[in-house]
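Asks: You'll find data-v5.txt just under this line, and it carries compact mmCIF, C-alpha atoms.
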# COMPACT_ATOMS: atom_id res chain seq x y z
CA MET A 1 19.41 -49.94 18.82
CA ASP A 2 17.38 -47.55 21.02
CA ASN A 3 15.15 -44.72 19.81
CA THR A 4 17.82 -42.08 20.50
CA SER A 5 20.34 -43.86 18.24
CA THR A 6 17.68 -44.35 15.56
CA HIS A 7 16.74 -40.66 15.57
CA LEU A 8 20.45 -39.79 15.41
CA TRP A 9 20.97 -41.63 12.13
CA LYS A 10 17.62 -40.52 10.63
CA ASP A 11 18.30 -36.78 11.10
CA TRP A 12 18.92 -36.08 7.42
CA ARG A 13 19.28 -32.32 7.94
CA LEU A 14 22.19 -32.80 10.35
CA HIS A 15 23.99 -35.16 7.97
CA LEU A 16 23.36 -32.80 5.06
CA VAL A 17 24.81 -29.83 6.95
CA VAL A 18 27.91 -31.88 7.86
CA LEU A 19 28.33 -33.00 4.23
CA VAL A 20 28.09 -29.40 2.99
CA ILE A 21 30.66 -28.27 5.58
CA VAL A 22 33.04 -31.04 4.51
CA ILE A 23 32.68 -30.12 0.82
CA LEU A 24 33.22 -26.41 1.55
CA THR A 25 36.31 -26.98 3.66
CA GLU A 26 37.83 -29.33 1.08
CA LEU A 27 37.18 -26.75 -1.65
CA ILE A 28 38.90 -24.08 0.47
CA GLY A 29 41.85 -26.42 0.92
CA THR A 30 45.07 -25.83 2.84
CA HIS A 31 46.61 -22.38 3.05
CA GLU A 32 49.95 -21.22 4.40
CA ILE A 33 50.87 -18.05 6.26
CA PRO A 34 54.67 -17.59 6.02
CA VAL A 35 56.40 -17.22 9.38
CA GLY A 36 60.17 -16.99 9.25
CA ALA A 37 61.64 -20.07 7.62
CA GLY A 38 58.41 -22.00 8.03
CA ALA A 39 54.70 -21.36 7.81
CA ILE A 40 51.45 -21.65 9.73
CA LEU A 41 49.24 -24.16 7.97
CA LEU A 42 45.50 -23.52 8.00
CA LEU A 43 43.90 -26.90 7.44
CA PRO A 44 40.33 -27.78 6.42
CA MET A 45 39.59 -28.97 9.97
CA LEU A 46 40.02 -25.42 11.26
CA TYR A 47 37.53 -24.09 8.73
CA ALA A 48 35.12 -26.89 9.61
CA VAL A 49 35.14 -25.86 13.29
CA ILE A 50 34.50 -22.21 12.40
CA ILE A 51 31.74 -22.97 9.88
CA GLY A 52 30.14 -25.49 12.25
CA LEU A 53 30.15 -22.93 15.06
CA ALA A 54 28.56 -20.34 12.75
CA ALA A 55 25.92 -22.86 11.64
CA PHE A 56 24.83 -23.33 15.26
CA PHE A 57 23.61 -19.72 15.32
CA THR A 58 21.46 -20.19 12.21
CA PRO A 59 18.12 -21.99 11.71
CA LEU A 60 20.03 -24.86 10.09
CA ILE A 61 21.01 -26.36 13.46
CA ASN A 62 19.05 -26.40 16.70
CA LYS A 63 20.06 -27.46 20.22
CA VAL A 64 18.72 -31.00 19.78
CA GLN A 65 20.77 -31.51 16.63
CA SER A 66 23.88 -30.08 18.28
CA ARG A 67 23.57 -32.71 21.03
CA LYS A 68 23.23 -35.40 18.36
CA ALA A 69 26.31 -34.04 16.59
CA GLU A 70 28.28 -34.36 19.84
CA SER A 71 27.63 -38.12 19.84
CA LEU A 72 28.81 -38.36 16.24
CA VAL A 73 32.01 -36.49 17.13
CA PHE A 74 32.79 -39.01 19.87
CA MET A 75 32.26 -41.86 17.40
CA SER A 76 34.54 -40.23 14.83
CA VAL A 77 37.25 -39.62 17.42
CA THR A 78 37.06 -43.30 18.40
CA LEU A 79 37.92 -44.27 14.82
CA LEU A 80 40.73 -41.71 14.83
CA ILE A 81 42.26 -43.15 17.99
CA ALA A 82 42.03 -46.65 16.47
CA LYS A 83 43.94 -45.38 13.43
CA PHE A 84 46.61 -43.90 15.70
CA GLY A 85 46.98 -47.23 17.47
CA VAL A 86 47.37 -49.15 14.20
CA GLN A 87 50.01 -46.71 12.96
CA ALA A 88 51.89 -46.79 16.25
CA GLY A 89 52.30 -50.58 16.13
CA PRO A 90 54.86 -50.84 13.28
CA ALA A 91 56.87 -47.98 14.82
CA LEU A 92 57.19 -49.61 18.26
CA PRO A 93 60.99 -49.98 17.99
CA GLU A 94 61.33 -46.23 17.37
CA LEU A 95 58.89 -45.47 20.19
CA ILE A 96 60.88 -47.63 22.60
CA LYS A 97 64.00 -45.64 21.68
CA ALA A 98 62.25 -42.55 23.02
CA GLY A 99 62.64 -44.11 26.46
CA PRO A 100 60.68 -42.72 29.39
CA ALA A 101 60.09 -39.37 27.65
CA LEU A 102 56.65 -40.43 26.41
CA ILE A 103 55.57 -41.28 29.96
CA PHE A 104 57.28 -38.46 31.85
CA GLN A 105 55.84 -35.84 29.49
CA GLU A 106 52.63 -36.14 31.50
CA PHE A 107 54.36 -34.30 34.34
CA GLY A 108 54.89 -31.40 31.96
CA ASN A 109 51.13 -30.92 31.78
CA LEU A 110 51.13 -30.12 35.49
CA ALA A 111 53.14 -26.97 34.74
CA THR A 112 49.99 -25.40 33.31
CA ILE A 113 48.53 -25.40 36.83
CA LEU A 114 51.44 -23.32 38.10
CA VAL A 115 50.95 -20.74 35.35
CA ALA A 116 47.20 -20.68 34.68
CA LEU A 117 45.82 -20.85 38.23
CA PRO A 118 47.33 -17.59 39.58
CA ILE A 119 46.37 -15.78 36.37
CA ALA A 120 42.76 -16.95 36.77
CA ILE A 121 42.75 -15.77 40.39
CA MET A 122 44.12 -12.37 39.37
CA LEU A 123 41.24 -12.11 36.89
CA GLY A 124 38.81 -12.47 39.81
CA LEU A 125 37.83 -16.13 39.61
CA LYS A 126 37.42 -18.16 42.79
CA ARG A 127 37.29 -21.94 43.20
CA GLU A 128 36.28 -22.24 39.55
CA THR A 129 40.02 -22.07 38.90
CA ILE A 130 40.50 -25.55 40.39
CA GLY A 131 38.15 -27.14 37.87
CA MET A 132 39.53 -25.00 35.06
CA THR A 133 43.26 -25.56 35.56
CA HIS A 134 43.75 -29.03 37.08
CA SER A 135 43.71 -30.69 33.63
CA ILE A 136 42.81 -30.22 29.98
CA GLY A 137 39.15 -30.56 30.97
CA ARG A 138 37.88 -33.37 28.77
CA GLU A 139 35.27 -36.06 29.46
CA ALA A 140 37.23 -37.97 32.11
CA ASN A 141 37.94 -34.76 33.99
CA LEU A 142 34.29 -33.74 33.83
CA ALA A 143 33.42 -37.05 35.46
CA LEU A 144 36.13 -36.61 38.12
CA ILE A 145 35.05 -33.11 39.14
CA SER A 146 31.35 -34.03 39.02
CA GLU A 147 31.97 -36.99 41.32
CA LYS A 148 34.11 -35.08 43.82
CA TYR A 149 32.42 -31.65 43.92
CA GLY A 150 29.19 -31.90 41.93
CA ILE A 151 28.54 -30.46 38.49
CA SER A 152 26.75 -27.39 39.94
CA SER A 153 29.67 -26.51 42.24
CA PRO A 154 32.15 -23.72 41.42
CA GLU A 155 34.68 -26.40 40.47
CA GLY A 156 32.05 -28.04 38.27
CA ARG A 157 31.30 -24.77 36.51
CA GLY A 158 35.02 -24.30 35.96
CA VAL A 159 35.64 -27.64 34.30
CA VAL A 160 32.46 -27.36 32.19
CA SER A 161 33.55 -23.93 30.93
CA MET A 162 36.93 -25.33 29.89
CA TYR A 163 35.29 -28.33 28.25
CA ILE A 164 33.10 -26.04 26.14
CA PHE A 165 35.96 -23.66 25.36
CA GLY A 166 38.22 -26.54 24.39
CA THR A 167 35.57 -28.07 22.17
CA ILE A 168 35.02 -24.81 20.29
CA PHE A 169 38.50 -23.27 20.19
CA GLY A 170 40.91 -26.07 21.17
CA ALA A 171 41.43 -27.48 17.69
CA ILE A 172 41.87 -24.01 16.19
CA PHE A 173 44.35 -22.90 18.85
CA LEU A 174 46.47 -26.06 18.71
CA GLY A 175 46.40 -26.23 14.92
CA VAL A 176 47.81 -22.71 14.67
CA THR A 177 50.33 -22.94 17.53
CA SER A 178 51.64 -26.33 16.37
CA GLY A 179 52.61 -24.97 12.96
CA LEU A 180 53.94 -21.74 14.48
CA PHE A 181 56.20 -23.38 17.07
CA ALA A 182 57.46 -25.99 14.62
CA SER A 183 58.37 -23.14 12.26
CA ILE A 184 60.32 -20.95 14.67
CA LEU A 185 61.79 -23.33 17.29
CA PRO A 186 64.84 -25.50 16.47
CA ILE A 187 63.40 -28.65 18.05
CA SER A 188 63.02 -32.14 16.61
CA PRO A 189 59.63 -32.71 14.93
CA LEU A 190 59.34 -35.89 17.01
CA SER A 191 59.33 -33.75 20.15
CA PHE A 192 56.49 -31.70 18.72
CA ALA A 193 54.72 -34.94 17.76
CA MET A 194 54.91 -36.13 21.37
CA ALA A 195 53.56 -32.78 22.53
CA THR A 196 50.45 -33.15 20.36
CA GLY A 197 49.24 -36.08 22.49
CA ILE A 198 47.19 -34.17 25.04
CA GLY A 199 44.34 -36.63 25.55
CA SER A 200 41.91 -35.17 23.02
CA GLY A 201 41.51 -36.85 19.64
CA SER A 202 40.27 -33.78 17.79
CA MET A 203 42.92 -31.47 19.26
CA THR A 204 45.65 -34.02 18.60
CA ALA A 205 44.54 -34.35 14.98
CA ALA A 206 44.47 -30.58 14.54
CA SER A 207 47.99 -30.10 15.93
CA LEU A 208 49.35 -33.15 14.08
CA GLY A 209 48.27 -31.93 10.64
CA PRO A 210 50.76 -29.05 10.32
CA LEU A 211 53.63 -31.28 11.47
CA VAL A 212 52.85 -33.96 8.88
CA ALA A 213 52.60 -31.31 6.17
CA MET A 214 55.89 -29.67 7.20
CA TYR A 215 57.83 -32.95 7.51
CA PRO A 216 56.28 -35.33 4.93
CA GLU A 217 59.38 -37.53 4.90
CA GLN A 218 58.77 -38.36 8.59
CA SER A 219 54.98 -38.40 8.45
CA GLU A 220 54.55 -42.03 9.55
CA LEU A 221 56.96 -41.70 12.47
CA ILE A 222 55.45 -38.37 13.54
CA THR A 223 51.96 -39.87 13.44
CA ALA A 224 53.12 -42.88 15.45
CA TYR A 225 54.71 -40.71 18.15
CA SER A 226 51.63 -38.52 18.29
CA GLY A 227 49.25 -41.48 18.50
CA ALA A 228 51.28 -43.24 21.19
CA SER A 229 51.58 -40.02 23.17
CA ASN A 230 47.85 -39.33 22.96
CA LEU A 231 47.02 -42.90 23.94
CA LEU A 232 49.33 -42.78 26.97
CA THR A 233 47.94 -39.41 28.01
CA SER A 234 44.38 -40.71 27.71
CA VAL A 235 45.27 -43.70 29.90
CA THR A 236 47.48 -41.99 32.47
CA GLY A 237 45.94 -38.50 32.40
CA LEU A 238 42.98 -39.36 34.62
CA TYR A 239 45.19 -40.99 37.26
CA MET A 240 47.56 -38.03 37.08
CA SER A 241 44.60 -35.73 37.73
CA ILE A 242 43.29 -37.84 40.61
CA PHE A 243 46.54 -38.33 42.50
CA ILE A 244 48.61 -35.27 41.55
CA GLY A 245 46.83 -32.65 39.43
CA LEU A 246 43.71 -32.07 41.53
CA PRO A 247 45.48 -32.16 44.95
CA LEU A 248 48.14 -29.83 43.56
CA ALA A 249 45.49 -27.41 42.28
CA GLU A 250 43.76 -27.46 45.68
CA LYS A 251 46.95 -26.74 47.63
CA TYR A 252 48.19 -24.18 45.15
CA TYR A 253 44.83 -22.39 45.18
CA SER A 254 44.94 -22.14 48.98
CA TRP A 255 48.50 -20.83 48.91
CA VAL A 256 47.85 -18.24 46.15
CA THR A 257 44.63 -16.95 47.76
CA LYS A 258 46.37 -16.62 51.17
CA LEU A 259 49.23 -14.74 49.54
CA LYS A 260 46.76 -12.48 47.76
CA SER A 261 44.93 -11.76 51.03
CA LYS A 262 48.19 -10.90 52.83
CA ARG A 263 49.17 -8.44 50.10
CA ARG A 264 45.78 -6.76 50.33
CA GLY A 265 46.12 -6.59 54.10
Could you express the structure from this file as structure tokens?
Replies:
Amino acid sequence: MDNTSTHLWKDWRLHLVVLVIVILTELIGTHEIPVGAGAILLLPMLYAVIIGLAAFFTPLINKVQSRKAESLVFMSVTLLIAKFGVQAGPALPELIKAGPALIFQEFGNLATILVALPIAIMLGLKRETIGMTHSIGREANLALISEKYGISSPEGRGVVSMYIFGTIFGAIFLGVTSGLFASILPISPLSFAMATGIGSGSMTAASLGPLVAMYPEQSELITAYSGASNLLTSVTGLYMSIFIGLPLAEKYYSWVTKLKSKRRG
């Protein structure tokens, strides 16, 4: 074990802050906001993100400790993905019944490019939009953009901004919208479970929680669908970005900017 890993585990203040946050969020518990026939579930994980963000702006946490905490998050998410894989195994017959839907859902993620990119351009952003909209902007996508354009390029700044935004607000946003959509839309909970698999362990967990709470009788199947979906997205998402997402964002950016220039002219 190197010195960095040793210092990580010996930082008692960081572990104490995390323990206090966990205790506080568990004491707060789960709360419901009624929406139509259903409800938006506010889970302890949402409070943990908010309290952790607030703690960063206090003397309790400094920049060095925040970088150490990032490593611990990755380790925790690894255990979470392993749990998803174990739960998906016994439900393989049900997953096979879903047919190609679990695989083809990846093409649905490309639709965000068609919507988000022109909006970003209208807001005045330039080539940053390519890095921001070509994918969900997690670690693999950071590596892809850094390799192709450089981390200091406009595209690099775009993907880094989305990575930071997703880390801070992604779990909160998906946790709220998952419960909201499942409450008001007459769609199978298994469809929502598949939609939670976006290639981010923390975001998947946040969006899965409300579904499990709303449909406890299908909790194991919902978790299996979500885990399999997230695993497939993690595996196929990078290749989808390389061969389809990034080239599509490039072409679409050129087309939208040309159209914008013609309208101005």
Asks: For stretch 152-190 of chain A against stretch 196-216 of chain A, with a cut-off of 7 Å and counting all atoms listed in the file, what is the closest atom pair and its distance in Å to one decimal for every residue that makes the cut, ordered by chain and number, as a tab-separated table?
Replies:
residue	atom	partner	partner_atom	distance
A:Gly170	CA	A:Met203	CA	6.1
A:Ala171	CA	A:Met203	CA	4.5
A:Leu174	CA	A:Ser207	CA	5.1
A:Gly175	CA	A:Ser207	CA	4.3
A:Ser178	CA	A:Ser207	CA	5.3
A:Gly179	CA	A:Pro210	CA	5.2
Asks: Filtering to C-alpha atoms, could you give me those residues as a PDB file, in the frame of the given file?
Replies:
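Written file, again-v4.pdb:
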ATOM      1  CA  GLY A 170      40.910 -26.070  21.170  1.00  0.00           C
ATOM      2  CA  ALA A 171      41.430 -27.480  17.690  1.00  0.00           C
ATOM      3  CA  LEU A 174      46.470 -26.060  18.710  1.00  0.00           C
ATOM      4  CA  GLY A 175      46.400 -26.230  14.920  1.00  0.00           C
ATOM      5  CA  SER A 178      51.640 -26.330  16.370  1.00  0.00           C
ATOM      6  CA  GLY A 179      52.610 -24.970  12.960  1.00  0.00           C
TER       7      GLY A 179
END
Asks: From the set A:Ile33, A:Ile61, A:Val176, A:Leu238, which residue has the shortest atom-to-atom contact distance to A:Ile145, counting only C-alpha atoms?
Replies: A:Leu238
Asks: List every protein, DNA or RNA residue that has an atom no more than 12 Å from (35.9, -25.9, 25.3) in the file's coordinate frame, counting all atoms listed in the file, and report them as a PyMOL selection string.
Replies: chain A and resi 132+136-139+142+158-173+200+202-203
Asks: Of the residues A:Ala55, A:Leu180, A:Leu144, A:Val86, which is the one nearest to A:Ala224, using only C-alpha atoms?
Replies: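 That would be A:Val86, the residue with the smallest distance to A:Ala224.
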Asks: Could you give me, as a JSON list (two decimals) with C-alpha atoms, keeping the file's coordinate frame, the residues that have an atom at most 12 Å away from the point (21.7, -25.2, 11.9) in the coordinates of the file, using only C-alpha atoms?
Replies:
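Result file follows (out.json):
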[["chain", "number", "residue", "atom", "x", "y", "z"],
["A", 13, "ARG", "CA", 19.28, -32.32, 7.94],
["A", 14, "LEU", "CA", 22.19, -32.80, 10.35],
["A", 15, "HIS", "CA", 23.99, -35.16, 7.97],
["A", 16, "LEU", "CA", 23.36, -32.80, 5.06],
["A", 17, "VAL", "CA", 24.81, -29.83, 6.95],
["A", 18, "VAL", "CA", 27.91, -31.88, 7.86],
["A", 20, "VAL", "CA", 28.09, -29.40, 2.99],
["A", 21, "ILE", "CA", 30.66, -28.27, 5.58],
["A", 51, "ILE", "CA", 31.74, -22.97, 9.88],
["A", 52, "GLY", "CA", 30.14, -25.49, 12.25],
["A", 53, "LEU", "CA", 30.15, -22.93, 15.06],
["A", 54, "ALA", "CA", 28.56, -20.34, 12.75],
["A", 55, "ALA", "CA", 25.92, -22.86, 11.64],
["A", 56, "PHE", "CA", 24.83, -23.33, 15.26],
["A", 57, "PHE", "CA", 23.61, -19.72, 15.32],
["A", 58, "THR", "CA", 21.46, -20.19, 12.21],
["A", 59, "PRO", "CA", 18.12, -21.99, 11.71],
["A", 60, "LEU", "CA", 20.03, -24.86, 10.09],
["A", 61, "ILE", "CA", 21.01, -26.36, 13.46],
["A", 62, "ASN", "CA", 19.05, -26.40, 16.70],
["A", 63, "LYS", "CA", 20.06, -27.46, 20.22],
["A", 64, "VAL", "CA", 18.72, -31.00, 19.78],
["A", 65, "GLN", "CA", 20.77, -31.51, 16.63],
["A", 66, "SER", "CA", 23.88, -30.08, 18.28],
["A", 67, "ARG", "CA", 23.57, -32.71, 21.03],
["A", 69, "ALA", "CA", 26.31, -34.04, 16.59]]
Asks: Quick one: pull the distance between atom CA of A:Lys258 and atom CA of A:Ser135, Å, one decimal.
Replies: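 Atom CA of A:Lys258 sits 22.6 Å away from atom CA of A:Ser135.
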Asks: Extract, using all atoms listed in the file, all DNA, RNA and protein residues at most 10 Å from A:Gly237, discarding same-chain residues fewer than 5 positions from it, and format them as a PyMOL selection string.
Replies: chain A and resi 106-107+109+135-136+140-141+198-199+230-232+242+245
Asks: Kindly give the distance, in Å, that separates atom CA of A:Tyr149 and atom CA of A:Glu250, rounded to a single decimal.
Replies: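 Rounded to one decimal, the two atoms are 12.2 Å apart.
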Asks: When you count all atoms listed in the file, which of these residues is closest to A:Pro247: A:His31, A:Lys148, A:Lys262, A:Lys10?
Replies: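 Among the listed residues, A:Lys148 lies closest to A:Pro247.
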Asks: Have a look at A:Ile222, A:Leu248, A:Val256, A:Leu24 and name the one nearest to A:Ala120; count all atoms listed in the file.
Replies: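 Comparing A:Ile222, A:Leu248, A:Val256, A:Leu24 against A:Ala120, the winner is A:Val256.
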Asks: Could you check how far atom CA of A:Trp255 sits from atom CA of A:Thr236, in Å to one decimal?
Replies: 26.8 Å
Asks: Pick the closest to A:Glu155 from A:Ala182, A:Leu27, A:Ser234, A:Ala249: which is it, counting only C-alpha atoms?
Replies: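 Closest to A:Glu155, using only C-alpha atoms: A:Ala249.
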Asks: Residues within 10 Å of A:Leu190, please, as a ChimeraX atom specification. Count all atoms listed in the file; anything in the same chain fewer than 3 positions from it doesn't count.
Replies: /A:98,187,193-196,211,218-219,221-226
Asks: Identify, on the basis of all atoms listed in the file, every residue whose closest approach to A:Ile113 does not exceed 7 Å; exclude the query and any residue fewer than 3 positions from it along the same chain; express the result as a PDB file with C-alpha atoms, in the coordinates of the input.
Replies:
ATOM      1  CA  LEU A 110      51.130 -30.120  35.490  1.00  0.00           C
ATOM      2  CA  ALA A 116      47.200 -20.680  34.680  1.00  0.00           C
ATOM      3  CA  LEU A 117      45.820 -20.850  38.230  1.00  0.00           C
ATOM      4  CA  THR A 133      43.260 -25.560  35.560  1.00  0.00           C
ATOM      5  CA  HIS A 134      43.750 -29.030  37.080  1.00  0.00           C
ATOM      6  CA  ALA A 249      45.490 -27.410  42.280  1.00  0.00           C
TER       7      ALA A 249
END
Asks: Can you tell me which residues surround A:Thr257 at a distance of at most 10 Å, considering only C-alpha atoms, apart from same-chain residues fewer than 2 positions away, and format the answer as a PyMOL selection string?
Replies: chain A and resi 118+121-122+126-127+252-255+259-263
Asks: When you count only C-alpha atoms, which of these residues is closest to A:Asp11: A:Gly124, A:Lys68, A:Ile184, A:Ile119?
Replies: A:Lys68
